[in-house]
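> Data file target.cif (mmCIF, C-alpha atoms) is appended below.
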data_my_file
loop_
_atom_site.group_PDB
_atom_site.id
_atom_site.type_symbol
_atom_site.label_atom_id
_atom_site.label_comp_id
_atom_site.auth_asym_id
_atom_site.auth_seq_id
_atom_site.Cartn_x
_atom_site.Cartn_y
_atom_site.Cartn_z
ATOM 1 C CA GLY A 1 0.000 0.000 0.000
ATOM 2 C CA ALA A 2 0.977 3.633 0.075
ATOM 3 C CA GLU A 3 3.110 4.765 2.948
ATOM 4 C CA GLY A 4 3.280 8.518 3.510
ATOM 5 C CA ALA A 5 4.781 10.771 0.858
ATOM 6 C CA GLY A 6 7.357 8.116 -0.111
ATOM 7 C CA GLY A 7 4.621 5.883 -1.410
ATOM 8 C CA GLY A 8 4.688 2.269 -2.376
ATOM 9 C CA ALA A 9 2.846 -0.329 -4.382
ATOM 10 C CA GLU A 10 2.442 -4.017 -3.859
ATOM 11 C CA GLY A 11 2.464 -6.735 -6.467
ATOM 12 C CA ALA A 12 2.044 -10.466 -6.718
ATOM 13 C CA GLY A 13 3.518 -12.725 -9.354
ATOM 14 C CA GLY A 14 2.059 -16.045 -10.305
ATOM 15 C CA GLY A 15 2.279 -19.030 -12.604
ATOM 16 C CA ALA A 16 5.417 -21.137 -12.265
ATOM 17 C CA GLU A 17 5.945 -24.601 -13.721
ATOM 18 C CA GLY A 18 6.566 -27.317 -11.149
ATOM 19 C CA ALA A 19 7.738 -30.906 -11.645
ATOM 20 C CA GLY A 20 4.161 -32.146 -11.587
ATOM 21 C CA GLY A 21 2.723 -29.440 -13.854
ATOM 22 C CA ALA A 22 1.647 -25.873 -13.332
ATOM 23 C CA ALA A 23 1.901 -24.662 -9.757
ATOM 24 C CA ASP A 24 0.716 -21.332 -8.415
ATOM 25 C CA VAL A 25 3.415 -19.194 -6.868
ATOM 26 C CA ILE A 26 2.635 -15.969 -5.095
ATOM 27 C CA SER A 27 5.267 -13.476 -4.114
ATOM 28 C CA GLY A 28 5.000 -9.875 -3.102
ATOM 29 C CA ALA A 29 7.030 -6.726 -2.746
ATOM 30 C CA SER A 30 6.528 -3.327 -1.199
ATOM 31 C CA LEU A 31 7.951 -0.791 -3.648
ATOM 32 C CA ASP A 32 8.753 2.894 -3.239
ATOM 33 C CA TRP A 33 7.669 4.562 -6.473
ATOM 34 C CA ASN A 34 10.187 7.367 -5.890
ATOM 35 C CA LYS A 35 13.156 4.945 -5.997
ATOM 36 C CA PRO A 36 13.151 3.431 -9.523
ATOM 37 C CA GLY A 37 16.637 1.980 -9.058
ATOM 38 C CA GLU A 38 15.156 -0.485 -6.553
ATOM 39 C CA TRP A 39 12.301 -1.730 -8.761
ATOM 40 C CA PRO A 40 12.361 -5.281 -10.092
ATOM 41 C CA SER A 41 12.050 -5.422 -13.870
ATOM 42 C CA ALA A 42 9.040 -7.065 -15.549
ATOM 43 C CA ALA A 43 8.605 -9.351 -12.572
ATOM 44 C CA PHE A 44 4.884 -9.468 -11.820
ATOM 45 C CA ASP A 45 1.714 -10.868 -13.343
ATOM 46 C CA VAL A 46 -0.473 -8.727 -11.091
ATOM 47 C CA ALA A 47 0.112 -5.529 -9.126
ATOM 48 C CA VAL A 48 -2.422 -4.374 -6.545
ATOM 49 C CA GLY A 49 -2.867 -0.948 -5.000
ATOM 50 C CA ALA A 50 -5.541 0.669 -2.851
ATOM 51 C CA ASP A 51 -6.070 4.389 -2.238
ATOM 52 C CA ILE A 52 -2.675 5.283 -3.746
ATOM 53 C CA LEU A 53 -3.776 8.136 -6.039
ATOM 54 C CA TYR A 54 -4.585 10.521 -3.202
ATOM 55 C CA SER A 55 -1.929 13.097 -4.176
ATOM 56 C CA ASP A 56 -1.567 14.829 -7.535
ATOM 57 C CA GLU A 57 2.155 14.015 -7.308
ATOM 58 C CA PHE A 58 1.553 10.248 -7.518
ATOM 59 C CA PRO A 59 -0.084 9.394 -10.905
ATOM 60 C CA ALA A 60 3.121 9.721 -12.969
ATOM 61 C CA PRO A 61 5.435 7.701 -10.699
ATOM 62 C CA ILE A 62 2.782 5.026 -10.092
ATOM 63 C CA ALA A 63 2.261 4.627 -13.857
ATOM 64 C CA ALA A 64 6.033 4.393 -14.289
ATOM 65 C CA ILE A 65 6.408 1.689 -11.661
ATOM 66 C CA LEU A 66 3.595 -0.351 -13.211
ATOM 67 C CA ALA A 67 5.242 -0.114 -16.637
ATOM 68 C CA ALA A 68 8.478 -1.335 -15.067
ATOM 69 C CA VAL A 69 7.236 -4.211 -12.942
ATOM 70 C CA LEU A 70 4.470 -5.820 -15.022
ATOM 71 C CA ARG A 71 5.575 -8.656 -17.269
ATOM 72 C CA PRO A 72 5.766 -7.410 -20.876
ATOM 73 C CA GLU A 73 3.738 -10.241 -22.426
ATOM 74 C CA ALA A 74 0.826 -12.510 -21.624
ATOM 75 C CA GLY A 75 1.651 -15.897 -20.210
ATOM 76 C CA ALA A 76 -0.355 -19.089 -20.027
ATOM 77 C CA ASP A 77 -2.392 -17.574 -17.187
ATOM 78 C CA GLY A 78 -3.278 -14.405 -19.123
ATOM 79 C CA ALA A 79 -2.013 -10.888 -19.567
ATOM 80 C CA PRO A 80 -0.312 -9.037 -16.719
ATOM 81 C CA CYS A 81 -2.398 -6.292 -15.123
ATOM 82 C CA ALA A 82 -2.693 -3.956 -12.176
ATOM 83 C CA LEU A 83 -5.798 -3.526 -10.065
ATOM 84 C CA ILE A 84 -6.098 -0.171 -8.329
ATOM 85 C CA ALA A 85 -8.949 0.581 -5.911
ATOM 86 C CA ASP A 86 -9.575 4.322 -5.736
ATOM 87 C CA PRO A 87 -12.299 6.133 -3.766
ATOM 88 C CA LYS A 88 -14.714 7.854 -6.172
ATOM 89 C CA HIS A 89 -14.204 11.236 -4.494
ATOM 90 C CA ARG A 90 -10.508 11.279 -5.500
ATOM 91 C CA THR A 91 -9.681 13.461 -8.514
ATOM 92 C CA ASN A 92 -6.428 12.015 -9.913
ATOM 93 C CA ARG A 93 -7.747 9.166 -12.086
ATOM 94 C CA GLY A 94 -7.622 11.254 -15.294
ATOM 95 C CA ALA A 95 -3.989 12.224 -14.705
ATOM 96 C CA PHE A 96 -3.224 8.593 -13.887
ATOM 97 C CA ALA A 97 -4.822 7.397 -17.151
ATOM 98 C CA GLN A 98 -2.752 9.941 -19.124
ATOM 99 C CA ALA A 99 0.443 8.929 -17.329
ATOM 100 C CA CYS A 100 -0.298 5.258 -18.008
ATOM 101 C CA ALA A 101 -0.900 5.989 -21.702
ATOM 102 C CA SER A 102 2.514 7.662 -21.920
ATOM 103 C CA HIS A 103 4.029 4.347 -20.754
ATOM 104 C CA GLY A 104 2.071 2.152 -23.172
ATOM 105 C CA LEU A 105 -0.532 1.153 -20.601
ATOM 106 C CA ASP A 106 -4.316 1.185 -20.993
ATOM 107 C CA THR A 107 -6.743 1.815 -18.137
ATOM 108 C CA ALA A 108 -10.376 0.810 -17.674
ATOM 109 C CA GLU A 109 -12.625 1.920 -14.821
ATOM 110 C CA SER A 110 -15.540 0.092 -13.235
ATOM 111 C CA ASP A 111 -17.417 0.105 -9.948
ATOM 112 C CA MET A 112 -15.883 -2.085 -7.264
ATOM 113 C CA PRO A 113 -18.301 -5.054 -7.053
ATOM 114 C CA SER A 114 -18.433 -4.967 -3.256
ATOM 115 C CA ASP A 115 -18.539 -1.165 -2.797
ATOM 116 C CA ALA A 116 -19.964 1.315 -5.327
ATOM 117 C CA SER A 117 -18.102 4.185 -3.618
ATOM 118 C CA ILE A 118 -14.826 2.730 -4.938
ATOM 119 C CA THR A 119 -13.623 2.801 -8.544
ATOM 120 C CA LEU A 120 -11.674 -0.245 -9.678
ATOM 121 C CA ILE A 121 -9.026 0.715 -12.235
ATOM 122 C CA THR A 122 -7.648 -2.124 -14.341
ATOM 123 C CA VAL A 123 -4.307 -1.335 -15.964
ATOM 124 C CA SER A 124 -2.911 -3.474 -18.785
ATOM 125 C CA ARG A 125 -0.220 -3.213 -21.427
ATOM 126 C CA ARG A 126 -1.309 -1.825 -24.751
ATOM 127 C CA GLN A 127 -0.924 -4.463 -27.497
ATOM 128 C CA GLY A 128 2.637 -4.377 -28.854
ATOM 129 C CA SER A 129 3.928 -2.321 -25.930
ATOM 130 C CA SER A 130 6.878 -3.299 -23.744
ATOM 131 C CA SER A 131 8.197 -1.755 -20.557
ATOM 132 C CA GLY A 132 10.042 0.999 -22.487
ATOM 133 C CA ASP A 133 11.165 4.156 -20.720
ATOM 134 C CA VAL A 134 9.932 3.960 -17.156
ATOM 135 C CA THR A 135 11.783 6.842 -15.544
ATOM 136 C CA PRO A 136 9.255 8.759 -13.458
ATOM 137 C CA GLN A 137 8.779 12.419 -14.232
ATOM 138 C CA LYS A 138 10.416 14.868 -11.847
ATOM 139 C CA ARG A 139 8.073 16.419 -9.351
ATOM 140 C CA ARG A 140 7.091 20.011 -10.014
ATOM 141 C CA ARG A 141 6.961 22.241 -6.965
#
Produce structure tokens that represent the structure in this file.

Amino acid sequence: GAEGAGGGAEGAGGGAEGAGGAADVISGASLDWNKPGEWPSAAFDVAVGADILYSDEFPAPIAAILAAVLRPEAGADGAPCALIADPKHRTNRGAFAQACASHGLDTAESDMPSDASITLITVSRRQGSSSGDVTPQKRRR
């Protein structure tokens, strides 16, 4: 989750082949979106975040981290994606969608099935897009 101004995102990777066939493997990481040198590269099938777009400083670095950490291509279990839960009263979803687009990511919004006051944002790679340039934009003060 997000932790103060430093921020963070969590992800889970899945789908590893075991000796007896496909086995599910789940791993996680807490990532500071302001420290791109510490991000794993194209490591996750799924990234999950909740209430992380609360500051107008966060859409660009969060989009950058997703572009960096999501696997570049679909695997046997499907395409990599991020699921972001964002309270409807927040106002940074448009900026987040634009930042994602600049990194070759598409976004789709829907109501959270269990709570209509939450928007569920699904982020996926645009067809033919790879991780590309993922350096977050400098903060403007």
> Pick out the closest residue to Trp33 of chain A from this set: A:Asp45, A:Ala50, A:Ile65, A:Glu73. Count all atoms listed in the file.
A:Ile65
> Quick one, how far is atom CA of Ile52 of chain A from atom CA of Asp86 of chain A?
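Between atom CA of Ile52 of chain A and atom CA of Asp86 of chain A the gap is 7.2 Å.
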> Between A:Trp39, A:Val25, A:Pro59, A:Val46, which is the closest to Thr91 of chain A once you count all atoms listed in the file?
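Closest to Thr91 of chain A of all the choices is A:Pro59.
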> Given all atoms listed in the file as the basis, pick out the residue of A:Ala60, A:Ala116, A:Val48, A:Leu31 nearest to Pro80 of chain A.
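Among A:Ala60, A:Ala116, A:Val48, A:Leu31, it is A:Val48 that comes nearest to Pro80 of chain A.
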> So how far away is atom CA of Arg125 of chain A from atom CA of Leu105 of chain A, in Å?
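Those two atoms sit 4.5 Å apart.
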> For each of A:Ile62, A:Ile84, A:Ala43, A:Ala74, take the minimum atom-to-atom distance to Arg126 of chain A, counting only C-alpha atoms, then give the residue where this is smallest.
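Checking each of A:Ile62, A:Ile84, A:Ala43, A:Ala74 against Arg126 of chain A, counting only C-alpha atoms, the winner is A:Ala74.
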> Excluding Pro87 of chain A and any residue of its chain fewer than 5 positions from it, enumerate the residues within 12 Å of it, using only C-alpha atoms, and give them as a list in words.
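Using only C-alpha atoms, the neighbours found are Gly49, Ala50, Asp51, Ile52, Leu53, Tyr54, Asn92, Arg93, Glu109, Ser110, Asp111, Met112, Asp115, Ala116, Ser117, Ile118, Thr119, Leu120 and Ile121 of chain A.
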> If you take every atom of segment 50-62 of chain A that the file lists and fit an axis-aligned box around them with 5 Å extra on each side, what centre and edge lengths come out in Å to one decimal, as AutoDock Vina command-line options?

--center_x -0.3 --center_y 7.7 --center_z -7.6 --size_x 21.5 --size_y 24.2 --size_z 20.7
> Write out as a short mmCIF file (atom, residue, chain, number, x, y, z; two decimals) with C-alpha atoms, in the frame of the given file which residues come within 8 Å of Thr122 of chain A when counting all atoms listed in the file, dropping same-chain ones fewer than 3 positions away.

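Output below, filename out-v1.cif:
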data_model
loop_
_atom_site.label_atom_id
_atom_site.label_comp_id
_atom_site.auth_asym_id
_atom_site.auth_seq_id
_atom_site.Cartn_x
_atom_site.Cartn_y
_atom_site.Cartn_z
CA CYS A 81 -2.40 -6.29 -15.12
CA ALA A 82 -2.69 -3.96 -12.18
CA LEU A 83 -5.80 -3.53 -10.06
CA ILE A 84 -6.10 -0.17 -8.33
CA THR A 107 -6.74 1.82 -18.14
CA ALA A 108 -10.38 0.81 -17.67
CA GLU A 109 -12.62 1.92 -14.82
#
> Between A:Val123, A:Ala63, A:Pro72, A:Asp77, which is the closest to Cys100 of chain A once you count all atoms listed in the file?
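Closest to Cys100 of chain A of all the choices is A:Ala63.
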> Would you work out the distance separating atom CA of Ser124 of chain A from atom CA of Glu57 of chain A, expressed in Å to one decimal?
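Result for atom CA of Ser124 of chain A versus atom CA of Glu57 of chain A: 21.5 Å, one decimal.
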> Evaluate the PyMOL selection byres ((chain A and resi 69) around 7) on the structure here and hand back the selected residues as a PyMOL selection string.
chain A and resi 40-44+65-68+70-71
> Write the selection just made, keeping C-alpha atoms, as a compact mmCIF listing (two decimals), keeping the file's coordinate frame?

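File selection31.txt, as written:
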# COMPACT_ATOMS: atom_id res chain seq x y z
CA PRO A 40 12.36 -5.28 -10.09
CA SER A 41 12.05 -5.42 -13.87
CA ALA A 42 9.04 -7.06 -15.55
CA ALA A 43 8.60 -9.35 -12.57
CA PHE A 44 4.88 -9.47 -11.82
CA ILE A 65 6.41 1.69 -11.66
CA LEU A 66 3.60 -0.35 -13.21
CA ALA A 67 5.24 -0.11 -16.64
CA ALA A 68 8.48 -1.34 -15.07
CA LEU A 70 4.47 -5.82 -15.02
CA ARG A 71 5.58 -8.66 -17.27
